There are 2 protein chains.
Amino acid sequence: MLVAGVDLGGTNIRCAMADQDGHVLGEKIVRTEAHAGPNQVLDRVARLVDDLADQAGARPQGIGMGLPGLLDLRKGRSRFLPNLPTQWRDIPVRDMLVDKAECPVYLLNDVRLATLGELCFGLGRSVQDMVFLALGTGIGGGVVIDGRLRLGPLGAAGELGHQTILPGGPICGCGNHGCLESLASGPSIVADGIRLLLSGQAPHLYQAVGGDLNRVTGRKMAQAACAGDDALRDSIVRIAGYLGTAVANVVVAVHPELIVFGGGVVEMGDLLFDAVRATLRARVGMFPVDDVRIERSQLGERAGVMGGIALALNRGCPQKLTA
Amino acid sequence: MLVAGVDLGGTNIRCAMADQDGHVLGEKIVRTEAHAGPNQVLDRVARLVDDLADQAGARPQGIGMGLPGLLDLRKGRSRFLPNLPTQWRDIPVRDMLVDKAECPVYLLNDVRLATLGELCFGLGRSVQDMVFLALGTGIGGGVVIDGRLRLGPLGAAGELGHQTILPGGPICGCGNHGCLESLASGPSIVADGIRLLLSGQAPHLYQAVGGDLNRVTGRKMAQAACAGDDALRDSIVRIAGYLGTAVANVVVAVHPELIVFGGGVVEMGDLLFDAVRATLRARVGMFPVDDVRIERSQLGERAGVMGGIALALNRGCPQKLTA
């Protein structure tokens with residue numbers, strides 16, 4: 001039996017075909033071209049699946065697909081996908097793809113799907129309880145309890161980027177103030193770097209990007225901090241403090257044994273991770289947290305498609321979200 | 001078959017005897033006299049169980065008992081009980097009570113026990129996912145996912161009073177700064193009331209307590225606010241905002257359908273609850289939360305002993321914590 005995992009993002013569609021043990025037989029990425037609208041994008045997904053099926057010599061028995069945003073899992077419709085154009089609002093994505101691909105389709109929020117991937121095929125294989133944080137342009141998450149991805153009635157549980165960390169903090173895209181996402185997303189981190197570069201406090205970063213603000217990244221900031229840009233180091237430690245506070249709040253609530261960070265921000269490396277770990281220890285005084293590991297995703301950008309494969313194989317997810 | 005539930009607190013020991021359906025046959029409260037030390041206090045527990053057994057005409061087949069603090073559930077030992085004298089640290093409570101009462105004993109943190117009580121015999125009977133917050137001198141909590149109390153490796157999951165709500169906030173007993181407990185516990189609420197009373201901004205409260213600061217309570221503050229003490233109203237709404245933020249952070253993480261508040265602070269009534277509900281709606285922008293109910297505990301002070309009965313009957317708790 002073959003299944004397909006699809007990670008439908010605002011920029012790319014990634015697809016992988018696997019056997020019943022989750023061994024990947026083929027994998028492919030194409031541009032989403034989201035502005036063409038749902039029908040044409042889902043045609044592209046179906047074609048991608050066809051290509052991989054031809055390559056594997058067999059049709060998939062199911063497709064697990066992630067979409068970036070809030071879905072109606074029961075009805076298989078998109079609700080609100082902030083990274084896709086507005087014509088994606090309230091689309092019967094599942095039924096449309098079932099028609100095109102002629103097999104059952106299972107949907108999930110993209111970060112919950114990545115959580116499932118990491119759980120079933122990554123670092124989560126050896127644990128029962130895990131929290132996943134995807135740190136990128138936005139911050140998403142997923143919570144695993146007793147070996148099962150936590151969904152809640154809307155599949156929206158795990159939106160850990162929207163914990164309030166600073167009650168009077170910056171406005172967030174969700175309408176709240178001081179969400180983790182408003183403080184520690186990729187763009188927030190880069191904004192700090194640009195400010196410090198412009199004010200002459202980040203000479204190593206300036207050199208690394210040749211003065212080009214568009215080339216500032218979290219990774220380059222961390223490298224410049226390690227090379228001696230102390231203001232950047234302070235900025236990174238402060239932002240890691242927000243992340244660590246968010247992690248601490250989840251730890252006191254559910255005490256998972258493993259926290260996994262994915263997304264581009266993990267490229268900041270040890271400087272970030274060490275400061276997050278220090279904050280976790282400082283903020284949780286009620287019980288020892290030395291046993292709570294904070295690690296970088298093993299699957300990286302492939303976590304989503306691997307989660308799609310897990311979903312289609314009905315692993316680690318409490319609801320059988322049938323087509 | 002009979003079982004006993006025991007709620008061992010710093011001030012009182014409460015005990016109830018019930019049949020296998022959880023119907024209570026007898027209930028009794030005595031003073032803890034905690035300074036007499038663990039051995040004598042556990043003698044008092046055993047005597048209380050004996051009294052109720054005599055009354056019921058049968059011995060219990062198990063005792064479920066809550067203690068205020070961190071326990072080693074596997075070994076059945078106390079670890080750190082902040083509301084009991086220091087000689088309670090690292091005591092083999094379970095084995096001692098097994099010897100005295102001659103039946104299996106199951107231990108749990110007192111607020112996790114109350115959560116279990118509310119789950120099995122209170123508002124939680126109709127739900128699968130629930131969060132309990134005990135708002136008193138301290139703030140404890142419990143998290144129920146898929147009908148089961150979440151424990152974590154130390155039985156410490158659910159310490160929701162120690163979420164960081166204000167990163168640079170007041171020092172908390174746990175060593176962190178800005179925990180919910182440091183901002184919204186009974187004493188913190190009363191401290192606000194006393195300040196406003198002393199500065200002449202709470203004339204109705206002043207009248208209600210006859211100028212006696214020791215008589216200031218959250219309930220009287222809420223009544224005075226409703227009678228026209230606007231500064232008290234502002235204070236209560238601000239504190240409810242912290243509580244609502246803590247609730248919002250748990251909701252984005254696990255999206256439960258029911259939040260239950262217990263403890264003396266619930267006497268503040270609608271003024272508190274309405275402001276918490278408003279904060280929840282304001283702080284969660286990622287998905288609709290109209291379906292998340294915030295209610296006052298149905299069992300009140302009896303939640304703990306009812307949880308003890310549930311624990312002894314092996315309901316709602318994932319680990320069989322044998323004697």
# chains A, B, ... in the order shown; residues from 1 in each chain; ligands from 1
>>> interface_residues(of="chain B", to="chain A", cutoff="6 Å", atoms="only C-alpha atoms", output="list in words")
Gly152, Ala157, Gly158, Glu159, Leu160, Gln163, Cys174, Gly175, Asn176, Asn249, Val252, Ala253, Val254, His255, Arg283, Gly285 and Met286 of chain B
>>> write_last_selection(atoms="all heavy atoms", output="compact mmCIF listing (two decimals), in the first residue's frame")
# COMPACT_ATOMS: atom_id res chain seq x y z
N GLY B 152 1.89 13.85 33.76
CA GLY B 152 3.31 14.03 33.47
C GLY B 152 4.12 13.14 34.39
O GLY B 152 3.58 12.51 35.31
N ALA B 157 2.12 18.12 36.11
CA ALA B 157 1.45 18.84 35.01
C ALA B 157 0.19 19.48 35.57
O ALA B 157 -0.45 18.95 36.48
CB ALA B 157 1.10 17.86 33.89
N GLY B 158 -0.15 20.66 35.06
CA GLY B 158 -1.33 21.36 35.56
C GLY B 158 -1.01 22.47 36.54
O GLY B 158 -1.93 23.06 37.11
N GLU B 159 0.26 22.77 36.72
CA GLU B 159 0.63 23.85 37.66
C GLU B 159 0.41 25.22 37.00
O GLU B 159 1.34 26.02 36.83
CB GLU B 159 2.09 23.69 38.11
CG GLU B 159 2.30 22.64 39.17
CD GLU B 159 1.66 23.00 40.52
OE1 GLU B 159 1.21 24.14 40.70
OE2 GLU B 159 1.58 22.09 41.38
N LEU B 160 -0.84 25.48 36.68
CA LEU B 160 -1.18 26.64 35.86
C LEU B 160 -1.03 27.96 36.60
O LEU B 160 -0.99 29.02 35.98
CB LEU B 160 -2.62 26.50 35.35
CG LEU B 160 -2.86 25.19 34.58
CD1 LEU B 160 -4.34 25.01 34.29
CD2 LEU B 160 -2.06 25.19 33.29
N GLN B 163 2.28 29.69 35.39
CA GLN B 163 2.52 30.28 34.07
C GLN B 163 3.04 31.69 34.29
O GLN B 163 2.53 32.42 35.14
CB GLN B 163 1.22 30.42 33.29
CG GLN B 163 0.64 29.16 32.72
CD GLN B 163 -0.55 29.51 31.84
OE1 GLN B 163 -0.41 30.00 30.73
NE2 GLN B 163 -1.73 29.27 32.37
N CYS B 174 7.71 30.41 43.95
CA CYS B 174 8.46 29.36 43.25
C CYS B 174 9.83 29.85 42.78
O CYS B 174 10.62 29.07 42.27
CB CYS B 174 7.65 28.85 42.06
SG CYS B 174 7.59 29.98 40.66
N GLY B 175 10.08 31.16 42.92
CA GLY B 175 11.37 31.71 42.50
C GLY B 175 11.30 32.49 41.20
O GLY B 175 12.17 33.30 40.90
N ASN B 176 10.27 32.26 40.42
CA ASN B 176 10.07 32.98 39.16
C ASN B 176 9.47 34.36 39.44
O ASN B 176 9.09 34.67 40.57
CB ASN B 176 9.12 32.15 38.27
CG ASN B 176 8.93 32.72 36.88
OD1 ASN B 176 9.76 33.49 36.38
ND2 ASN B 176 7.84 32.34 36.25
N ASN B 249 -3.94 31.34 27.33
CA ASN B 249 -2.72 30.61 26.98
C ASN B 249 -2.94 29.10 27.01
O ASN B 249 -2.38 28.36 26.20
CB ASN B 249 -1.57 30.99 27.92
CG ASN B 249 -1.02 32.37 27.61
OD1 ASN B 249 -1.38 32.97 26.61
ND2 ASN B 249 -0.15 32.86 28.47
N VAL B 252 -5.23 28.25 23.78
CA VAL B 252 -4.52 28.10 22.49
C VAL B 252 -3.68 26.82 22.46
O VAL B 252 -3.51 26.21 21.41
CB VAL B 252 -3.63 29.32 22.11
CG1 VAL B 252 -4.49 30.54 21.83
CG2 VAL B 252 -2.57 29.60 23.14
N ALA B 253 -3.22 26.39 23.63
CA ALA B 253 -2.38 25.19 23.66
C ALA B 253 -3.19 23.91 23.51
O ALA B 253 -2.82 23.03 22.74
CB ALA B 253 -1.55 25.13 24.95
N VAL B 254 -4.31 23.78 24.25
CA VAL B 254 -5.02 22.49 24.21
C VAL B 254 -6.51 22.59 23.86
O VAL B 254 -7.17 21.59 23.69
CB VAL B 254 -4.85 21.69 25.53
CG1 VAL B 254 -3.38 21.33 25.75
CG2 VAL B 254 -5.41 22.43 26.73
N HIS B 255 -7.05 23.79 23.76
CA HIS B 255 -8.45 24.02 23.40
C HIS B 255 -9.43 23.07 24.11
O HIS B 255 -10.11 22.26 23.46
CB HIS B 255 -8.64 23.92 21.88
CG HIS B 255 -9.91 24.57 21.42
ND1 HIS B 255 -10.28 24.66 20.11
CD2 HIS B 255 -10.93 25.17 22.12
CE1 HIS B 255 -11.45 25.27 20.00
NE2 HIS B 255 -11.86 25.59 21.20
N ARG B 283 -8.04 37.82 23.79
CA ARG B 283 -6.66 37.33 23.65
C ARG B 283 -6.53 36.17 22.67
O ARG B 283 -5.42 35.86 22.24
CB ARG B 283 -6.11 36.91 25.02
CG ARG B 283 -5.88 38.07 25.97
CD ARG B 283 -4.39 38.26 26.23
NE ARG B 283 -4.10 39.39 27.10
CZ ARG B 283 -3.33 40.40 26.73
NH1 ARG B 283 -2.80 40.44 25.52
NH2 ARG B 283 -3.07 41.37 27.57
N GLY B 285 -7.30 35.17 19.13
CA GLY B 285 -7.78 35.65 17.85
C GLY B 285 -7.66 34.60 16.75
O GLY B 285 -8.13 34.80 15.64
N MET B 286 -7.01 33.48 17.07
CA MET B 286 -6.71 32.50 16.02
C MET B 286 -7.88 31.61 15.66
O MET B 286 -7.94 31.05 14.58
CB MET B 286 -5.53 31.63 16.46
CG MET B 286 -4.22 32.35 16.46
SD MET B 286 -3.80 33.00 14.82
CE MET B 286 -3.33 31.49 13.98
>>> residues_around(residues="Asp270 (chain A)", least_positions_apart="4", cutoff="12 Å", atoms="only C-alpha atoms", output="VMD selection string")
chain A and resid 219 222 to 223 225 to 226 233 236 to 237 240 265 to 266 274 to 278 294 to 296
>>> select_by_dssp(residues="region 73-234 of chain B", states="strand (DSSP E or B)", output="compact mmCIF listing (two decimals) with N, CA and C atoms, in the first residue's frame")
# COMPACT_ATOMS: atom_id res chain seq x y z
N ARG B 77 5.88 9.06 48.08
CA ARG B 77 6.50 9.93 49.09
C ARG B 77 6.17 11.39 48.81
N SER B 78 6.11 12.16 49.88
CA SER B 78 6.03 13.61 49.71
C SER B 78 7.39 14.11 49.25
N ARG B 79 7.38 15.16 48.43
CA ARG B 79 8.66 15.78 48.08
C ARG B 79 8.75 17.17 48.69
N PHE B 80 7.83 18.03 48.30
CA PHE B 80 7.87 19.39 48.83
C PHE B 80 6.43 19.86 49.02
N VAL B 105 -3.50 2.61 49.24
CA VAL B 105 -3.58 4.08 49.31
C VAL B 105 -3.04 4.65 47.99
N TYR B 106 -3.76 5.61 47.44
CA TYR B 106 -3.36 6.27 46.20
C TYR B 106 -3.21 7.75 46.47
N LEU B 107 -2.06 8.32 46.09
CA LEU B 107 -1.80 9.74 46.38
C LEU B 107 -1.87 10.58 45.12
N LEU B 108 -2.14 11.86 45.32
CA LEU B 108 -2.13 12.83 44.23
C LEU B 108 -2.01 14.22 44.83
N ASN B 109 -1.44 15.13 44.07
CA ASN B 109 -1.47 16.55 44.46
C ASN B 109 -2.91 16.97 44.70
N MET B 130 -10.98 19.34 29.92
CA MET B 130 -11.33 20.31 30.96
C MET B 130 -10.06 20.83 31.61
N VAL B 131 -10.10 22.09 32.00
CA VAL B 131 -9.00 22.66 32.77
C VAL B 131 -9.58 23.19 34.07
N PHE B 132 -8.93 22.87 35.17
CA PHE B 132 -9.38 23.29 36.50
C PHE B 132 -8.36 24.26 37.06
N LEU B 133 -8.84 25.35 37.64
CA LEU B 133 -7.97 26.30 38.34
C LEU B 133 -8.50 26.50 39.75
N ALA B 134 -7.69 26.21 40.74
CA ALA B 134 -8.07 26.43 42.14
C ALA B 134 -7.47 27.76 42.58
N LEU B 135 -8.35 28.73 42.79
CA LEU B 135 -7.92 30.10 43.08
C LEU B 135 -8.09 30.38 44.56
N ILE B 139 -2.40 29.34 43.70
CA ILE B 139 -3.19 28.96 42.52
C ILE B 139 -2.64 27.66 41.97
N GLY B 140 -3.48 26.64 42.01
CA GLY B 140 -3.11 25.34 41.45
C GLY B 140 -4.00 25.04 40.27
N GLY B 141 -3.77 23.89 39.66
CA GLY B 141 -4.59 23.55 38.51
C GLY B 141 -4.49 22.10 38.13
N GLY B 142 -5.27 21.75 37.13
CA GLY B 142 -5.25 20.41 36.58
C GLY B 142 -5.76 20.46 35.15
N VAL B 143 -5.22 19.57 34.31
CA VAL B 143 -5.58 19.54 32.90
C VAL B 143 -6.10 18.14 32.56
N VAL B 144 -7.28 18.09 31.95
CA VAL B 144 -7.87 16.82 31.54
C VAL B 144 -7.94 16.80 30.01
N ILE B 145 -7.35 15.77 29.43
CA ILE B 145 -7.35 15.60 27.97
C ILE B 145 -7.95 14.24 27.64
N ARG B 148 -8.98 12.06 30.57
CA ARG B 148 -8.00 11.60 31.55
C ARG B 148 -7.20 12.76 32.11
N LEU B 149 -7.01 12.73 33.42
CA LEU B 149 -6.19 13.74 34.08
C LEU B 149 -4.76 13.62 33.59
N THR B 164 4.00 32.10 33.49
CA THR B 164 4.47 33.48 33.53
C THR B 164 3.48 34.36 32.77
N ILE B 171 7.85 38.88 42.46
CA ILE B 171 8.48 37.61 42.78
C ILE B 171 7.41 36.63 43.24
N HIS B 177 9.40 35.18 38.42
CA HIS B 177 8.74 36.48 38.51
C HIS B 177 7.51 36.51 37.63
N CYS B 179 4.51 35.09 37.88
CA CYS B 179 3.59 33.96 37.76
C CYS B 179 2.16 34.43 38.00
>>> select_by_dssp(residues="region 67-299 of chain A", states="alpha helix (DSSP H)", output="JSON, numbers by chain")
{"A": [93, 94, 95, 96, 97, 98, 99, 100, 101, 110, 111, 112, 113, 114, 115, 116, 117, 118, 119, 120, 121, 180, 181, 182, 183, 184, 186, 187, 188, 189, 190, 191, 192, 193, 194, 195, 196, 197, 198, 203, 204, 205, 206, 207, 208, 218, 219, 220, 221, 222, 223, 224, 225, 226, 227, 230, 231, 232, 233, 234, 235, 236, 237, 238, 239, 240, 241, 242, 243, 244, 245, 246, 247, 248, 249, 250, 251, 252, 253, 254, 270, 271, 272, 273, 274, 275, 276, 277, 278, 279, 280, 281, 282, 283]}
>>> atom_distance(atom1="CA of Asn12 (chain A)", atom2="CA of Val30 (chain A)")
5.7 Å
>>> atom_distance(atom1="CA of Asp99 (chain B)", atom2="CA of Gly76 (chain B)")
13.1 Å
>>> residues_around(residues="Ile29 (chain B)", least_positions_apart="5", cutoff="7 Å", atoms="only C-alpha atoms", output="list of chain:residue names")
B:Asn12, B:Ile13, B:Arg14, B:Cys15
>>> atom_distance(atom1="CA of Trp88 (chain B)", atom2="CA of Ser297 (chain B)")
29.4 Å
>>> closest_residue(among="A:Gly169, A:Asp229, A:Met268, A:Leu116", to="Gly186 (chain A)", atoms="only C-alpha atoms")
A:Met268
>>> closest_residue(among="B:Gln61, B:Gln298, B:Gln55, B:Thr86", to="His35 (chain B)", atoms="only C-alpha atoms")
B:Thr86
>>> residues_around(residues="Leu196 (chain B)", least_positions_apart="6", cutoff="8 Å", atoms="only C-alpha atoms", output="PyMOL selection string")
chain B and resi 202+231-232
>>> write_last_selection(atoms="C-alpha atoms", output="tab-separated table (two decimals), in the first residue's frame")
chain	number	residue	atom	x	y	z
B	202	ALA	CA	-12.96	52.24	48.42
B	231	ALA	CA	-11.25	51.81	41.85
B	232	LEU	CA	-12.04	48.33	43.20
>>> residues_around(residues="Met65 (chain B)", least_positions_apart="5", cutoff="9 Å", atoms="only C-alpha atoms", output="ChimeraX atom specification")
/B:4-8,15,105-110,113,304-305,307-309,311-312
>>> write_last_selection(atoms="N, CA and C atoms", output="PDB file, in the first residue's frame")
ATOM      1  N   ALA B   4     -12.545   5.401  50.292  1.00  0.00           N
ATOM      2  CA  ALA B   4     -12.491   6.678  51.014  1.00  0.00           C
ATOM      3  C   ALA B   4     -11.716   7.700  50.191  1.00  0.00           C
ATOM      4  N   GLY B   5     -12.170   8.940  50.248  1.00  0.00           N
ATOM      5  CA  GLY B   5     -11.430  10.057  49.679  1.00  0.00           C
ATOM      6  C   GLY B   5     -10.973  10.961  50.803  1.00  0.00           C
ATOM      7  N   VAL B   6      -9.713  11.366  50.762  1.00  0.00           N
ATOM      8  CA  VAL B   6      -9.157  12.212  51.822  1.00  0.00           C
ATOM      9  C   VAL B   6      -8.497  13.437  51.196  1.00  0.00           C
ATOM     10  N   ASP B   7      -8.797  14.600  51.741  1.00  0.00           N
ATOM     11  CA  ASP B   7      -8.158  15.841  51.317  1.00  0.00           C
ATOM     12  C   ASP B   7      -7.381  16.387  52.511  1.00  0.00           C
ATOM     13  N   LEU B   8      -6.066  16.172  52.483  1.00  0.00           N
ATOM     14  CA  LEU B   8      -5.209  16.558  53.604  1.00  0.00           C
ATOM     15  C   LEU B   8      -4.644  17.944  53.331  1.00  0.00           C
ATOM     16  N   CYS B  15     -12.620  14.022  54.916  1.00  0.00           N
ATOM     17  CA  CYS B  15     -12.698  12.629  54.472  1.00  0.00           C
ATOM     18  C   CYS B  15     -14.132  12.293  54.103  1.00  0.00           C
ATOM     19  N   VAL B 105      -3.498   2.612  49.238  1.00  0.00           N
ATOM     20  CA  VAL B 105      -3.576   4.076  49.307  1.00  0.00           C
ATOM     21  C   VAL B 105      -3.037   4.651  47.995  1.00  0.00           C
ATOM     22  N   TYR B 106      -3.760   5.614  47.442  1.00  0.00           N
ATOM     23  CA  TYR B 106      -3.357   6.269  46.197  1.00  0.00           C
ATOM     24  C   TYR B 106      -3.210   7.753  46.468  1.00  0.00           C
ATOM     25  N   LEU B 107      -2.063   8.323  46.094  1.00  0.00           N
ATOM     26  CA  LEU B 107      -1.803   9.737  46.382  1.00  0.00           C
ATOM     27  C   LEU B 107      -1.871  10.584  45.116  1.00  0.00           C
ATOM     28  N   LEU B 108      -2.140  11.864  45.323  1.00  0.00           N
ATOM     29  CA  LEU B 108      -2.131  12.832  44.227  1.00  0.00           C
ATOM     30  C   LEU B 108      -2.005  14.225  44.832  1.00  0.00           C
ATOM     31  N   ASN B 109      -1.437  15.133  44.075  1.00  0.00           N
ATOM     32  CA  ASN B 109      -1.465  16.548  44.459  1.00  0.00           C
ATOM     33  C   ASN B 109      -2.912  16.972  44.702  1.00  0.00           C
ATOM     34  N   ASP B 110      -3.130  17.830  45.692  1.00  0.00           N
ATOM     35  CA  ASP B 110      -4.506  18.150  46.097  1.00  0.00           C
ATOM     36  C   ASP B 110      -5.348  18.807  45.003  1.00  0.00           C
ATOM     37  N   LEU B 113      -6.208  16.336  42.454  1.00  0.00           N
ATOM     38  CA  LEU B 113      -7.278  15.494  43.005  1.00  0.00           C
ATOM     39  C   LEU B 113      -8.637  16.194  42.855  1.00  0.00           C
ATOM     40  N   GLY B 304     -12.011  17.903  46.306  1.00  0.00           N
ATOM     41  CA  GLY B 304     -10.857  17.078  46.669  1.00  0.00           C
ATOM     42  C   GLY B 304     -11.248  15.682  47.131  1.00  0.00           C
ATOM     43  N   VAL B 305     -12.150  15.585  48.111  1.00  0.00           N
ATOM     44  CA  VAL B 305     -12.524  14.245  48.600  1.00  0.00           C
ATOM     45  C   VAL B 305     -13.220  13.437  47.514  1.00  0.00           C
ATOM     46  N   GLY B 307     -12.545  13.679  44.416  1.00  0.00           N
ATOM     47  CA  GLY B 307     -11.446  13.216  43.578  1.00  0.00           C
ATOM     48  C   GLY B 307     -10.742  12.026  44.200  1.00  0.00           C
ATOM     49  N   GLY B 308     -10.622  12.033  45.523  1.00  0.00           N
ATOM     50  CA  GLY B 308     -10.026  10.895  46.222  1.00  0.00           C
ATOM     51  C   GLY B 308     -10.836   9.629  45.992  1.00  0.00           C
ATOM     52  N   ILE B 309     -12.151   9.789  46.017  1.00  0.00           N
ATOM     53  CA  ILE B 309     -13.036   8.644  45.747  1.00  0.00           C
ATOM     54  C   ILE B 309     -12.845   8.165  44.308  1.00  0.00           C
ATOM     55  N   LEU B 311     -10.200   8.533  42.466  1.00  0.00           N
ATOM     56  CA  LEU B 311      -8.867   7.931  42.364  1.00  0.00           C
ATOM     57  C   LEU B 311      -8.881   6.499  42.900  1.00  0.00           C
ATOM     58  N   ALA B 312      -9.518   6.327  44.059  1.00  0.00           N
ATOM     59  CA  ALA B 312      -9.572   4.989  44.646  1.00  0.00           C
ATOM     60  C   ALA B 312     -10.401   4.040  43.777  1.00  0.00           C
TER      61      ALA B 312
END
